[in-house]
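Trainee: Contents are mmCIF, C-alpha atoms and all ligand atoms; file name upload_34.cif:
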```
data_target
#
loop_
_atom_site.group_PDB
_atom_site.id
_atom_site.type_symbol
_atom_site.label_atom_id
_atom_site.label_comp_id
_atom_site.auth_asym_id
_atom_site.auth_seq_id
_atom_site.Cartn_x
_atom_site.Cartn_y
_atom_site.Cartn_z
ATOM 1 C CA MET A 978 -22.622 -14.947 26.879
ATOM 2 C CA LYS A 979 -19.484 -13.816 25.040
ATOM 3 C CA THR A 980 -19.419 -13.671 21.249
ATOM 4 C CA THR A 981 -16.798 -15.578 19.239
ATOM 5 C CA LEU A 982 -14.934 -12.299 18.669
ATOM 6 C CA GLU A 983 -14.957 -11.447 22.389
ATOM 7 C CA ASN A 984 -13.703 -14.946 23.243
ATOM 8 C CA MET A 985 -10.854 -14.503 20.775
ATOM 9 C CA ALA A 986 -9.901 -11.083 22.182
ATOM 10 C CA CYS A 987 -10.061 -12.396 25.766
ATOM 11 C CA GLN A 988 -7.410 -15.049 25.030
ATOM 12 C CA PHE A 989 -4.735 -12.389 24.830
ATOM 13 C CA ALA A 990 -3.188 -10.191 27.520
ATOM 14 C CA THR A 991 -1.139 -7.957 25.216
ATOM 15 C CA VAL A 992 -1.468 -6.823 21.625
ATOM 16 C CA VAL A 993 1.680 -5.515 19.946
ATOM 17 C CA VAL A 994 0.719 -3.570 16.828
ATOM 18 C CA THR A 995 2.953 -1.873 14.300
ATOM 19 C CA GLY A 996 1.480 1.177 12.579
ATOM 20 C CA GLY A 997 -1.363 1.778 15.034
ATOM 21 C CA SER A 998 -1.068 5.518 14.475
ATOM 22 C CA SER A 999 -3.519 5.481 11.561
ATOM 23 C CA GLY A 1000 -5.701 3.498 9.158
ATOM 24 C CA ILE A 1001 -6.054 -0.246 9.571
ATOM 25 C CA GLY A 1002 -3.752 -0.473 12.609
ATOM 26 C CA LYS A 1003 -5.762 2.169 14.449
ATOM 27 C CA ALA A 1004 -9.059 0.390 13.610
ATOM 28 C CA LEU A 1005 -7.630 -2.934 14.854
ATOM 29 C CA ILE A 1006 -6.653 -1.388 18.201
ATOM 30 C CA GLN A 1007 -10.028 0.302 18.623
ATOM 31 C CA GLN A 1008 -12.021 -2.832 17.788
ATOM 32 C CA LEU A 1009 -9.901 -5.090 19.998
ATOM 33 C CA HIS A 1010 -10.310 -2.600 22.854
ATOM 34 C CA ARG A 1011 -14.104 -2.690 22.441
ATOM 35 C CA LEU A 1012 -13.993 -6.507 22.546
ATOM 36 C CA ASN A 1013 -11.747 -6.699 25.627
ATOM 37 C CA SER A 1014 -11.104 -3.498 27.574
ATOM 38 C CA SER A 1015 -8.418 -5.117 29.751
ATOM 39 C CA LEU A 1016 -6.086 -5.704 26.803
ATOM 40 C CA GLU A 1017 -2.735 -3.917 26.935
ATOM 41 C CA PHE A 1018 -1.649 -2.365 23.646
ATOM 42 C CA CYS A 1019 1.900 -1.625 22.564
ATOM 43 C CA ASN A 1020 2.038 0.503 19.447
ATOM 44 C CA LEU A 1021 5.178 0.715 17.317
ATOM 45 C CA SER A 1022 5.230 3.579 14.817
ATOM 46 C CA ARG A 1023 6.861 6.944 14.238
ATOM 47 C CA ARG A 1024 3.781 9.013 15.153
ATOM 48 C CA LYS A 1025 1.936 8.665 18.459
ATOM 49 C CA PRO A 1026 -1.670 7.439 18.138
ATOM 50 C CA ASP A 1027 -4.074 10.311 18.799
ATOM 51 C CA PHE A 1028 -7.126 8.319 19.847
ATOM 52 C CA GLU A 1029 -6.394 6.879 23.282
ATOM 53 C CA ALA A 1030 -9.622 6.290 25.226
ATOM 54 C CA GLU A 1031 -9.652 6.929 28.975
ATOM 55 C CA ASP A 1032 -9.783 3.254 29.908
ATOM 56 C CA MET A 1033 -7.375 2.147 27.168
ATOM 57 C CA LYS A 1034 -3.983 0.785 28.199
ATOM 58 C CA LEU A 1035 -1.941 1.942 25.238
ATOM 59 C CA ARG A 1036 1.801 2.412 25.310
ATOM 60 C CA HIS A 1037 3.481 4.058 22.356
ATOM 61 C CA TYR A 1038 7.014 3.060 21.360
ATOM 62 C CA GLY A 1039 8.209 5.666 18.885
ATOM 63 C CA CYS A 1040 10.283 3.874 16.252
ATOM 64 C CA ASP A 1041 11.177 3.876 12.603
ATOM 65 C CA LEU A 1042 10.910 0.277 11.423
ATOM 66 C CA GLY A 1043 12.809 1.213 8.282
ATOM 67 C CA GLU A 1044 15.969 1.776 10.310
ATOM 68 C CA ARG A 1045 18.424 -1.121 10.535
ATOM 69 C CA ASP A 1046 18.130 -1.530 14.312
ATOM 70 C CA GLY A 1047 14.528 -0.174 14.532
ATOM 71 C CA PRO A 1048 12.732 -3.512 15.067
ATOM 72 C CA GLU A 1049 15.286 -4.858 17.558
ATOM 73 C CA ARG A 1050 15.357 -1.667 19.627
ATOM 74 C CA ALA A 1051 11.547 -1.582 19.749
ATOM 75 C CA PHE A 1052 11.423 -5.268 20.708
ATOM 76 C CA ARG A 1053 13.818 -4.754 23.625
ATOM 77 C CA GLU A 1054 11.716 -1.860 24.961
ATOM 78 C CA VAL A 1055 8.408 -3.735 24.594
ATOM 79 C CA LYS A 1056 9.831 -6.902 26.162
ATOM 80 C CA ALA A 1057 11.008 -4.990 29.246
ATOM 81 C CA GLY A 1058 7.420 -3.952 30.079
ATOM 82 C CA LEU A 1059 5.499 -6.969 28.761
ATOM 83 C CA ALA A 1060 2.692 -8.192 31.036
ATOM 84 C CA PRO A 1061 2.283 -11.946 31.602
ATOM 85 C CA GLY A 1062 -0.104 -13.802 29.288
ATOM 86 C CA LYS A 1063 -0.627 -14.527 25.626
ATOM 87 C CA VAL A 1064 0.588 -12.058 23.035
ATOM 88 C CA LEU A 1065 -0.964 -11.075 19.725
ATOM 89 C CA LEU A 1066 1.591 -9.558 17.347
ATOM 90 C CA VAL A 1067 0.140 -7.556 14.454
ATOM 91 C CA ASN A 1068 2.668 -6.624 11.769
ATOM 92 C CA ASN A 1069 0.673 -3.916 10.053
ATOM 93 C CA SER A 1070 3.121 -1.078 9.290
ATOM 94 C CA GLY A 1071 3.712 -0.699 5.599
ATOM 95 C CA PHE A 1072 3.596 1.667 2.682
ATOM 96 C CA GLY A 1073 3.589 1.679 -1.100
ATOM 97 C CA SER A 1074 4.991 3.921 -3.761
ATOM 98 C CA TYR A 1075 3.564 4.629 -7.182
ATOM 99 C CA GLY A 1076 5.673 5.326 -10.250
ATOM 100 C CA GLU A 1077 8.134 3.881 -12.738
ATOM 101 C CA PHE A 1078 10.797 1.976 -10.819
ATOM 102 C CA PRO A 1079 12.872 3.332 -9.077
ATOM 103 C CA GLU A 1080 10.657 6.464 -8.729
ATOM 104 C CA PRO A 1081 10.443 8.424 -6.514
ATOM 105 C CA GLU A 1082 13.989 7.290 -5.600
ATOM 106 C CA LEU A 1083 15.818 4.039 -4.959
ATOM 107 C CA ARG A 1084 16.254 4.884 -1.271
ATOM 108 C CA ARG A 1085 12.458 4.887 -0.831
ATOM 109 C CA GLN A 1086 12.149 1.491 -2.565
ATOM 110 C CA LEU A 1087 14.736 0.009 -0.216
ATOM 111 C CA GLU A 1088 12.995 1.562 2.791
ATOM 112 C CA MET A 1089 9.808 -0.162 1.586
ATOM 113 C CA VAL A 1090 11.593 -3.514 1.577
ATOM 114 C CA ASP A 1091 12.850 -2.777 5.100
ATOM 115 C CA VAL A 1092 9.447 -1.796 6.538
ATOM 116 C CA ASN A 1093 7.205 -4.179 4.564
ATOM 117 C CA ILE A 1094 9.462 -7.256 4.728
ATOM 118 C CA ARG A 1095 12.537 -6.920 6.948
ATOM 119 C CA ALA A 1096 10.694 -5.521 9.982
ATOM 120 C CA VAL A 1097 7.984 -8.218 9.701
ATOM 121 C CA VAL A 1098 10.584 -11.005 9.669
ATOM 122 C CA ALA A 1099 12.647 -9.366 12.432
ATOM 123 C CA LEU A 1100 9.764 -8.674 14.839
ATOM 124 C CA THR A 1101 8.196 -12.097 14.295
ATOM 125 C CA GLY A 1102 11.556 -13.788 14.869
ATOM 126 C CA LEU A 1103 12.244 -11.736 17.993
ATOM 127 C CA PHE A 1104 8.784 -12.294 19.516
ATOM 128 C CA LEU A 1105 8.475 -15.959 18.527
ATOM 129 C CA PRO A 1106 10.245 -17.453 21.583
ATOM 130 C CA ILE A 1107 7.819 -15.504 23.828
ATOM 131 C CA LEU A 1108 4.829 -16.581 21.742
ATOM 132 C CA ARG A 1109 5.964 -20.215 21.758
ATOM 133 C CA ALA A 1110 6.414 -20.165 25.537
ATOM 134 C CA ARG A 1111 3.096 -18.442 26.319
ATOM 135 C CA GLY A 1112 0.945 -19.196 23.258
ATOM 136 C CA GLY A 1113 -0.156 -16.451 20.929
ATOM 137 C CA ALA A 1114 -0.766 -15.371 17.387
ATOM 138 C CA VAL A 1115 0.785 -13.330 14.602
ATOM 139 C CA VAL A 1116 -1.283 -11.328 12.127
ATOM 140 C CA ASN A 1117 0.626 -10.097 9.104
ATOM 141 C CA VAL A 1118 -1.094 -7.485 6.971
ATOM 142 C CA ALA A 1119 -0.357 -8.288 3.324
ATOM 143 C CA SER A 1120 -2.608 -7.136 0.458
ATOM 144 C CA THR A 1121 -4.650 -8.408 -2.476
ATOM 145 C CA GLY A 1122 -1.680 -7.031 -4.441
ATOM 146 C CA ALA A 1123 0.206 -10.061 -3.087
ATOM 147 C CA PHE A 1124 -1.602 -12.328 -5.543
ATOM 148 C CA GLN A 1125 -0.377 -10.645 -8.717
ATOM 149 C CA PRO A 1126 2.451 -8.582 -10.225
ATOM 150 C CA THR A 1127 1.720 -4.871 -9.747
ATOM 151 C CA PRO A 1128 3.467 -2.762 -12.423
ATOM 152 C CA TYR A 1129 4.160 0.838 -11.299
ATOM 153 C CA MET A 1130 3.968 -0.495 -7.736
ATOM 154 C CA ALA A 1131 6.361 -3.350 -8.468
ATOM 155 C CA THR A 1132 8.289 -3.374 -5.185
ATOM 156 C CA TYR A 1133 5.121 -2.935 -3.112
ATOM 157 C CA GLY A 1134 3.215 -5.857 -4.690
ATOM 158 C CA ALA A 1135 6.263 -8.108 -4.491
ATOM 159 C CA SER A 1136 6.834 -7.163 -0.842
ATOM 160 C CA LYS A 1137 3.264 -8.187 -0.035
ATOM 161 C CA ALA A 1138 3.668 -11.455 -2.021
ATOM 162 C CA PHE A 1139 6.581 -12.179 0.309
ATOM 163 C CA VAL A 1140 4.474 -11.454 3.396
ATOM 164 C CA LEU A 1141 1.617 -13.652 2.150
ATOM 165 C CA HIS A 1142 3.713 -16.702 1.241
ATOM 166 C CA TRP A 1143 5.999 -16.360 4.235
ATOM 167 C CA SER A 1144 3.010 -16.185 6.612
ATOM 168 C CA LEU A 1145 1.305 -19.238 5.098
ATOM 169 C CA ALA A 1146 4.553 -21.223 5.298
ATOM 170 C CA LEU A 1147 5.139 -20.143 8.900
ATOM 171 C CA GLU A 1148 1.593 -21.118 9.875
ATOM 172 C CA ARG A 1149 2.348 -24.705 8.735
ATOM 173 C CA GLU A 1150 5.723 -24.800 10.498
ATOM 174 C CA LEU A 1151 4.106 -23.652 13.738
ATOM 175 C CA ALA A 1152 1.158 -26.085 13.635
ATOM 176 C CA GLY A 1153 0.774 -27.706 17.058
ATOM 177 C CA THR A 1154 2.978 -25.172 18.890
ATOM 178 C CA GLY A 1155 0.174 -22.976 20.235
ATOM 179 C CA VAL A 1156 1.161 -20.135 17.890
ATOM 180 C CA ARG A 1157 -1.065 -19.276 14.940
ATOM 181 C CA VAL A 1158 -0.309 -17.096 11.951
ATOM 182 C CA LEU A 1159 -2.864 -15.208 9.866
ATOM 183 C CA ALA A 1160 -2.151 -13.370 6.626
ATOM 184 C CA SER A 1161 -4.711 -10.625 6.154
ATOM 185 C CA CYS A 1162 -5.107 -9.325 2.603
ATOM 186 C CA PRO A 1163 -7.095 -6.108 2.331
ATOM 187 C CA GLY A 1164 -7.947 -4.700 -1.070
ATOM 188 C CA PRO A 1165 -8.170 -0.940 -1.627
ATOM 189 C CA THR A 1166 -8.997 0.637 1.743
ATOM 190 C CA ALA A 1167 -9.850 4.244 2.525
ATOM 191 C CA THR A 1168 -6.788 5.280 4.551
ATOM 192 C CA ASP A 1169 -3.766 7.552 4.059
ATOM 193 C CA PHE A 1170 -2.120 4.779 2.053
ATOM 194 C CA PHE A 1171 -2.815 6.097 -1.475
ATOM 195 C CA ARG A 1172 -1.871 9.698 -0.700
ATOM 196 C CA ARG A 1173 1.347 8.553 0.943
ATOM 197 C CA ALA A 1174 2.068 6.271 -2.036
ATOM 198 C CA GLY A 1175 2.004 9.295 -4.333
ATOM 199 C CA PHE A 1176 -1.448 9.056 -5.936
ATOM 200 C CA LYS A 1177 -2.901 12.506 -6.531
ATOM 201 C CA GLU A 1178 -6.490 11.405 -7.066
ATOM 202 C CA ARG A 1179 -8.825 8.558 -6.153
ATOM 203 C CA VAL A 1180 -7.661 5.431 -7.997
ATOM 204 C CA VAL A 1181 -10.388 3.037 -6.944
ATOM 205 C CA SER A 1182 -14.113 3.758 -7.089
ATOM 206 C CA PRO A 1183 -15.744 3.980 -3.632
ATOM 207 C CA GLY A 1184 -17.807 0.877 -4.515
ATOM 208 C CA LEU A 1185 -14.623 -1.221 -4.667
ATOM 209 C CA SER A 1186 -13.047 0.275 -1.584
ATOM 210 C CA GLN A 1187 -13.491 -0.783 2.058
ATOM 211 C CA SER A 1188 -13.151 1.215 5.252
ATOM 212 C CA SER A 1189 -10.356 0.447 7.720
ATOM 213 C CA GLU A 1190 -13.074 -0.660 10.182
ATOM 214 C CA GLN A 1191 -14.379 -3.238 7.687
ATOM 215 C CA VAL A 1192 -10.857 -4.549 7.106
ATOM 216 C CA ALA A 1193 -10.165 -4.741 10.853
ATOM 217 C CA GLU A 1194 -13.421 -6.605 11.467
ATOM 218 C CA ALA A 1195 -12.802 -9.115 8.647
ATOM 219 C CA THR A 1196 -9.282 -9.714 9.999
ATOM 220 C CA LEU A 1197 -10.467 -10.268 13.573
ATOM 221 C CA ARG A 1198 -13.260 -12.580 12.393
ATOM 222 C CA ALA A 1199 -10.693 -14.643 10.487
ATOM 223 C CA LEU A 1200 -8.482 -14.777 13.578
ATOM 224 C CA ALA A 1201 -11.444 -15.890 15.693
ATOM 225 C CA GLY A 1202 -12.311 -18.488 13.037
ATOM 226 C CA ARG A 1203 -8.731 -19.865 13.225
ATOM 227 C CA LYS A 1204 -8.130 -19.107 9.555
ATOM 228 C CA SER A 1205 -4.633 -18.689 8.128
ATOM 229 C CA LEU A 1206 -5.686 -16.453 5.228
ATOM 230 C CA CYS A 1207 -8.206 -13.646 5.031
ATOM 231 C CA VAL A 1208 -8.982 -11.818 1.808
ATOM 232 C CA CYS A 1209 -11.114 -8.953 3.110
ATOM 233 C CA GLY A 1210 -14.529 -8.524 1.459
ATOM 234 C CA TRP A 1211 -16.345 -10.574 -1.180
ATOM 235 C CA LYS A 1212 -15.445 -8.227 -4.043
ATOM 236 C CA ASN A 1213 -11.755 -8.662 -3.271
ATOM 237 C CA ARG A 1214 -12.205 -12.438 -2.943
ATOM 238 C CA PHE A 1215 -13.842 -12.478 -6.389
ATOM 239 C CA LEU A 1216 -11.051 -10.402 -7.978
ATOM 240 C CA VAL A 1217 -8.320 -12.485 -6.338
ATOM 241 C CA ALA A 1218 -9.992 -15.720 -7.533
ATOM 242 C CA LEU A 1219 -10.221 -14.283 -11.050
ATOM 243 C CA ALA A 1220 -6.602 -13.090 -11.079
ATOM 244 C CA SER A 1221 -5.443 -16.482 -9.783
ATOM 245 C CA LYS A 1222 -7.100 -18.258 -12.750
ATOM 246 C CA LEU A 1223 -5.260 -16.170 -15.370
ATOM 247 C CA PRO A 1224 -1.595 -16.584 -16.382
ATOM 248 C CA LYS A 1225 0.588 -14.213 -14.346
ATOM 249 C CA THR A 1226 1.901 -12.556 -17.552
ATOM 250 C CA TRP A 1227 -1.699 -11.604 -18.544
ATOM 251 C CA VAL A 1228 -2.490 -10.211 -15.107
ATOM 252 C CA ALA A 1229 0.731 -8.171 -15.200
ATOM 253 C CA ALA A 1230 -0.208 -6.774 -18.625
ATOM 254 C CA LEU A 1231 -3.772 -5.921 -17.515
ATOM 255 C CA SER A 1232 -2.579 -4.190 -14.318
ATOM 256 C CA ALA A 1233 -0.003 -2.261 -16.335
ATOM 257 C CA VAL A 1234 -2.740 -0.884 -18.624
ATOM 258 C CA VAL A 1235 -4.879 0.269 -15.677
ATOM 259 C CA LEU A 1236 -2.059 1.773 -13.610
ATOM 260 C CA ARG A 1237 -0.354 3.399 -16.621
ATOM 261 C CA ARG A 1238 -3.597 5.235 -17.378
ATOM 262 C CA VAL A 1239 -3.652 6.680 -13.854
ATOM 263 C CA ARG A 1240 -0.013 7.662 -14.286
ATOM 264 C CA LEU A 1241 -0.600 9.474 -17.574
ATOM 265 C CA ALA A 1242 -3.542 11.372 -16.036
ATOM 266 C CA GLN A 1243 -1.312 12.388 -13.114
ATOM 267 C CA LEU A 1244 1.516 13.523 -15.396
ATOM 268 C CA LYS A 1245 -0.950 15.644 -17.429
ATOM 269 C CA GLN A 1246 -2.128 17.335 -14.222
ATOM 270 C CA GLY A 1247 1.547 18.046 -13.405
HETATM 271 N N1 LIG A 1301 -5.032 1.134 2.289
HETATM 272 C C1 LIG A 1301 -4.990 0.171 1.397
HETATM 273 O O1 LIG A 1301 -5.585 0.272 0.297
HETATM 274 C C2 LIG A 1301 -4.244 -1.105 1.700
HETATM 275 C C3 LIG A 1301 -4.523 -2.240 0.920
HETATM 276 C C4 LIG A 1301 -3.847 -3.425 1.181
HETATM 277 C C5 LIG A 1301 -2.918 -3.486 2.209
HETATM 278 N N2 LIG A 1301 -2.659 -2.377 2.943
HETATM 279 C C6 LIG A 1301 -1.645 -2.494 4.013
HETATM 280 O O2 LIG A 1301 -2.240 -2.167 5.241
HETATM 281 C C7 LIG A 1301 -1.223 -1.737 6.155
HETATM 282 C C8 LIG A 1301 -1.706 -0.474 6.868
HETATM 283 O O3 LIG A 1301 -1.824 0.573 5.897
HETATM 284 P P1 LIG A 1301 -3.013 1.638 5.931
HETATM 285 O O4 LIG A 1301 -3.838 1.420 4.735
HETATM 286 O O5 LIG A 1301 -3.662 1.637 7.261
HETATM 287 O O6 LIG A 1301 -2.199 2.979 5.650
HETATM 288 P P2 LIG A 1301 -1.765 4.170 6.625
HETATM 289 O O7 LIG A 1301 -2.948 4.812 7.227
HETATM 290 O O8 LIG A 1301 -0.819 4.982 5.826
HETATM 291 O O9 LIG A 1301 -0.978 3.418 7.806
HETATM 292 C C9 LIG A 1301 0.323 2.929 7.643
HETATM 293 C C10 LIG A 1301 0.945 2.707 9.009
HETATM 294 O O10 LIG A 1301 2.264 2.193 8.816
HETATM 295 C C11 LIG A 1301 3.137 2.906 9.678
HETATM 296 N N3 LIG A 1301 4.474 3.022 9.111
HETATM 297 C C12 LIG A 1301 4.803 3.408 7.844
HETATM 298 N N4 LIG A 1301 6.137 3.502 7.755
HETATM 299 C C13 LIG A 1301 6.658 3.174 8.970
HETATM 300 C C14 LIG A 1301 7.964 3.107 9.513
HETATM 301 N N5 LIG A 1301 9.047 3.441 8.783
HETATM 302 N N6 LIG A 1301 8.113 2.732 10.812
HETATM 303 C C15 LIG A 1301 7.046 2.434 11.565
HETATM 304 N N7 LIG A 1301 5.779 2.465 11.121
HETATM 305 C C16 LIG A 1301 5.585 2.852 9.833
HETATM 306 C C17 LIG A 1301 2.535 4.300 9.804
HETATM 307 O O11 LIG A 1301 2.930 4.882 11.050
HETATM 308 P P3 LIG A 1301 3.834 6.206 11.160
HETATM 309 O O12 LIG A 1301 3.691 7.014 9.915
HETATM 310 O O13 LIG A 1301 3.300 6.877 12.386
HETATM 311 O O14 LIG A 1301 5.226 5.695 11.389
HETATM 312 C C18 LIG A 1301 1.044 4.016 9.785
HETATM 313 O O15 LIG A 1301 0.545 3.841 11.080
HETATM 314 C C19 LIG A 1301 0.040 -1.542 5.318
HETATM 315 O O16 LIG A 1301 0.898 -2.652 5.505
HETATM 316 C C20 LIG A 1301 -0.477 -1.515 3.892
HETATM 317 O O17 LIG A 1301 0.489 -1.962 2.966
HETATM 318 C C21 LIG A 1301 -3.305 -1.189 2.731
#
```
Have the structure of the file written as structure tokens, please.
Mentor:
Amino acid sequence: MKTTLENMACQFATVVVTGGSSGIGKALIQQLHRLNSSLEFCNLSRRKPDFEAEDMKLRHYGCDLGERDGPERAFREVKAGLAPGKVLLVNNSGFGSYGEFPEPELRRQLEMVDVNIRAVVALTGLFLPILRARGGAVVNVASTGAFQPTPYMATYGASKAFVLHWSLALERELAGTGVRVLASCPGPTATDFFRRAGFKERVVSPGLSQSSEQVAEATLRALAGRKSLCVCGWKNRFLVALASKLPKTWVAALSAVVLRRVRLAQLKQG
């Protein structure tokens, strides 16, 4: 007999993932493939995934989602080769940047808005008619940072707050259409994210961090359980609940103290 997770994965014919070249996106592809080996994967990222298994149907569409026409060009290419059946769209691509705004440079902050927000809205809007016609689901990867202001990562946290609230609103609008929306909110996860964001050392203790496999599993369980929101891991759920009880101005001040300390340590190191 199939498990709940296998049943969920067997509903779909195609999974379109952004950012499957590493971290959480890669773990989602690998776990979905283990659950249903006949799934077709379309990966949208700049780098080609390096983990294709022999029996995995994985097509890579090289694209920069930060470019103005990146999402639309990728959509047109994916659509041309899309197999019949339900589609799962996973908007996972994203990055952060650590420093006093607009460090490292304004261009990078605007690129973050384009990848973390604009591409999510564009791809969801472009795929929605197909999802409505065939049935399907959208998973948007937000963050626990979406629940609070994040000084020194101000644009990143705010971009994820957008993704969280937009996803929850969309889920309500689409109720009864056969299309579901899930906002997945990982906390600190051991991927390339922190290095790429400009952190020089470990910011979060290993005890508070999850692996990309744990995040992928929590996300897929939430999808199978027909949830609209997944905060990954009980420690993150506890911290999010705590942060939600406090006034936003206090949470902003507390985060500023913690992240400023990391910044001073980094500046001392040079
Ligand atoms: N790690 C964490 O602590 C954490 C916590 C909460 C939320 N998240 C979110 O989880 C998602 C996945 O991040 P991760 O932790 O797995 O980090 P990661 O290993 O750095 O993966 C990020 C992915 O995003 C893709 N990407 C970045 N810029 C892109 C662009 N311009 N065009 C297309 N794809 C782009 C990358 O692909 P290419 O470089 O090949 O283009 C990569 O596959 C992100 O949305 C991140 O904000 C991460």
Trainee: Translate the PyMOL selection byres (((chain A and resi 1206) around 7) and not hetatm), as applied to the file shown, into an explicit residue set as number ranges by chain.
Mentor: A: 1159-1161, 1204-1205, 1207-1208
Trainee: At a cut-off of 7 Å and counting only C-alpha atoms and all ligand atoms, what residues surround ligand LIG 1301 (chain A)? Please answer as a PyMOL selection string.
Mentor: chain A and resi 995-1002+1021-1025+1040-1043+1069-1073+1092-1093+1118-1121+1162-1171+1173+1189
Trainee: Using all atoms listed in the file, which residues sit within 9 Å of Ala1060 in chain A once same-chain residues fewer than 5 positions away are excluded, as a list in words?
Mentor: Ala990, Thr991 and Glu1017 of chain A
Trainee: Would you export the selected residues with C-alpha atoms as a short mmCIF file (atom, residue, chain, number, x, y, z; two decimals), keeping the file's coordinate frame, please?
Mentor:
```cif
data_model
loop_
_atom_site.label_atom_id
_atom_site.label_comp_id
_atom_site.auth_asym_id
_atom_site.auth_seq_id
_atom_site.Cartn_x
_atom_site.Cartn_y
_atom_site.Cartn_z
CA ALA A 990 -3.19 -10.19 27.52
CA THR A 991 -1.14 -7.96 25.22
CA GLU A 1017 -2.74 -3.92 26.94
#
```
Trainee: Set the distance at 9 Å and use all atoms listed in the file: which residues neighbour Gly1062 in chain A once local chain neighbours fewer than 5 positions away are removed? I'd like the list as a list in words.
Mentor: Gln988, Phe989, Ala990, Thr991, Arg1111, Gly1112 and Gly1113 of chain A
Trainee: Just want the 8 Å neighbourhood of Leu1005 in chain A, counted on all atoms listed in the file, with same-chain residues fewer than 6 positions away dropped. Output as a VMD selection string.
Mentor: chain A and resid 997 1190 1193 to 1194 1197
Trainee: Those residues with C-alpha atoms, as an mmCIF file, in the frame of the given file please?
Mentor:
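Everything below was put into again-v6.cif:
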```
data_model
loop_
_atom_site.group_PDB
_atom_site.id
_atom_site.type_symbol
_atom_site.label_atom_id
_atom_site.label_comp_id
_atom_site.auth_asym_id
_atom_site.auth_seq_id
_atom_site.Cartn_x
_atom_site.Cartn_y
_atom_site.Cartn_z
ATOM 1 C CA GLY A 997 -1.363 1.778 15.034
ATOM 2 C CA GLU A 1190 -13.074 -0.660 10.182
ATOM 3 C CA ALA A 1193 -10.165 -4.741 10.853
ATOM 4 C CA GLU A 1194 -13.421 -6.605 11.467
ATOM 5 C CA LEU A 1197 -10.467 -10.268 13.573
#
```
Trainee: Using only C-alpha atoms, which residues sit within 12 Å of Ala1110 in chain A once same-chain residues fewer than 5 positions away are excluded, as number ranges by chain?
Mentor: A: 1061-1064, 1104-1105, 1154-1156
Trainee: Just the number, please: distance in Å from CA of Val1067 in chain A to CA of Val1097 in chain A, one decimal.
Mentor: 9.2 Å
Trainee: Please measure the separation of CA of Asn1213 in chain A and CA of Ser1186 in chain A, giving the value in Å to one decimal.
Mentor: 9.2 Å
Trainee: Spell out the residues picked by the PyMOL selection byres (((chain A and resi 982) around 8) and not hetatm) here, as a ChimeraX atom specification.
Mentor: /A:979-981,983-986,1012,1197-1198,1201
Trainee: Evaluated on this file, the PyMOL selection byres (((chain A and resi 1052) around 12) and not hetatm) picks out some residues - which ones are they, written as a ChimeraX atom specification?
Mentor: /A:993-995,1019-1021,1038-1040,1042,1046-1051,1053-1059,1066,1096-1097,1099-1105,1107
Trainee: For those residues, write C-alpha atoms to a file as a PDB file, in the frame of the given file.
Mentor:
```pdb
ATOM      1  CA  VAL A 993       1.680  -5.515  19.946  1.00  0.00           C
ATOM      2  CA  VAL A 994       0.719  -3.570  16.828  1.00  0.00           C
ATOM      3  CA  THR A 995       2.953  -1.873  14.300  1.00  0.00           C
ATOM      4  CA  CYS A1019       1.900  -1.625  22.564  1.00  0.00           C
ATOM      5  CA  ASN A1020       2.038   0.503  19.447  1.00  0.00           C
ATOM      6  CA  LEU A1021       5.178   0.715  17.317  1.00  0.00           C
ATOM      7  CA  TYR A1038       7.014   3.060  21.360  1.00  0.00           C
ATOM      8  CA  GLY A1039       8.209   5.666  18.885  1.00  0.00           C
ATOM      9  CA  CYS A1040      10.283   3.874  16.252  1.00  0.00           C
ATOM     10  CA  LEU A1042      10.910   0.277  11.423  1.00  0.00           C
ATOM     11  CA  ASP A1046      18.130  -1.530  14.312  1.00  0.00           C
ATOM     12  CA  GLY A1047      14.528  -0.174  14.532  1.00  0.00           C
ATOM     13  CA  PRO A1048      12.732  -3.512  15.067  1.00  0.00           C
ATOM     14  CA  GLU A1049      15.286  -4.858  17.558  1.00  0.00           C
ATOM     15  CA  ARG A1050      15.357  -1.667  19.627  1.00  0.00           C
ATOM     16  CA  ALA A1051      11.547  -1.582  19.749  1.00  0.00           C
ATOM     17  CA  ARG A1053      13.818  -4.754  23.625  1.00  0.00           C
ATOM     18  CA  GLU A1054      11.716  -1.860  24.961  1.00  0.00           C
ATOM     19  CA  VAL A1055       8.408  -3.735  24.594  1.00  0.00           C
ATOM     20  CA  LYS A1056       9.831  -6.902  26.162  1.00  0.00           C
ATOM     21  CA  ALA A1057      11.008  -4.990  29.246  1.00  0.00           C
ATOM     22  CA  GLY A1058       7.420  -3.952  30.079  1.00  0.00           C
ATOM     23  CA  LEU A1059       5.499  -6.969  28.761  1.00  0.00           C
ATOM     24  CA  LEU A1066       1.591  -9.558  17.347  1.00  0.00           C
ATOM     25  CA  ALA A1096      10.694  -5.521   9.982  1.00  0.00           C
ATOM     26  CA  VAL A1097       7.984  -8.218   9.701  1.00  0.00           C
ATOM     27  CA  ALA A1099      12.647  -9.366  12.432  1.00  0.00           C
ATOM     28  CA  LEU A1100       9.764  -8.674  14.839  1.00  0.00           C
ATOM     29  CA  THR A1101       8.196 -12.097  14.295  1.00  0.00           C
ATOM     30  CA  GLY A1102      11.556 -13.788  14.869  1.00  0.00           C
ATOM     31  CA  LEU A1103      12.244 -11.736  17.993  1.00  0.00           C
ATOM     32  CA  PHE A1104       8.784 -12.294  19.516  1.00  0.00           C
ATOM     33  CA  LEU A1105       8.475 -15.959  18.527  1.00  0.00           C
ATOM     34  CA  ILE A1107       7.819 -15.504  23.828  1.00  0.00           C
TER      35      ILE A1107
END
```
Trainee: Find the distance between CA of Val992 in chain A and CA of Glu1148 in chain A and write it in Å to one decimal.
Mentor: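 Taking CA of Val992 in chain A as the start and CA of Glu1148 in chain A as the end point, the length is 18.8 Å.
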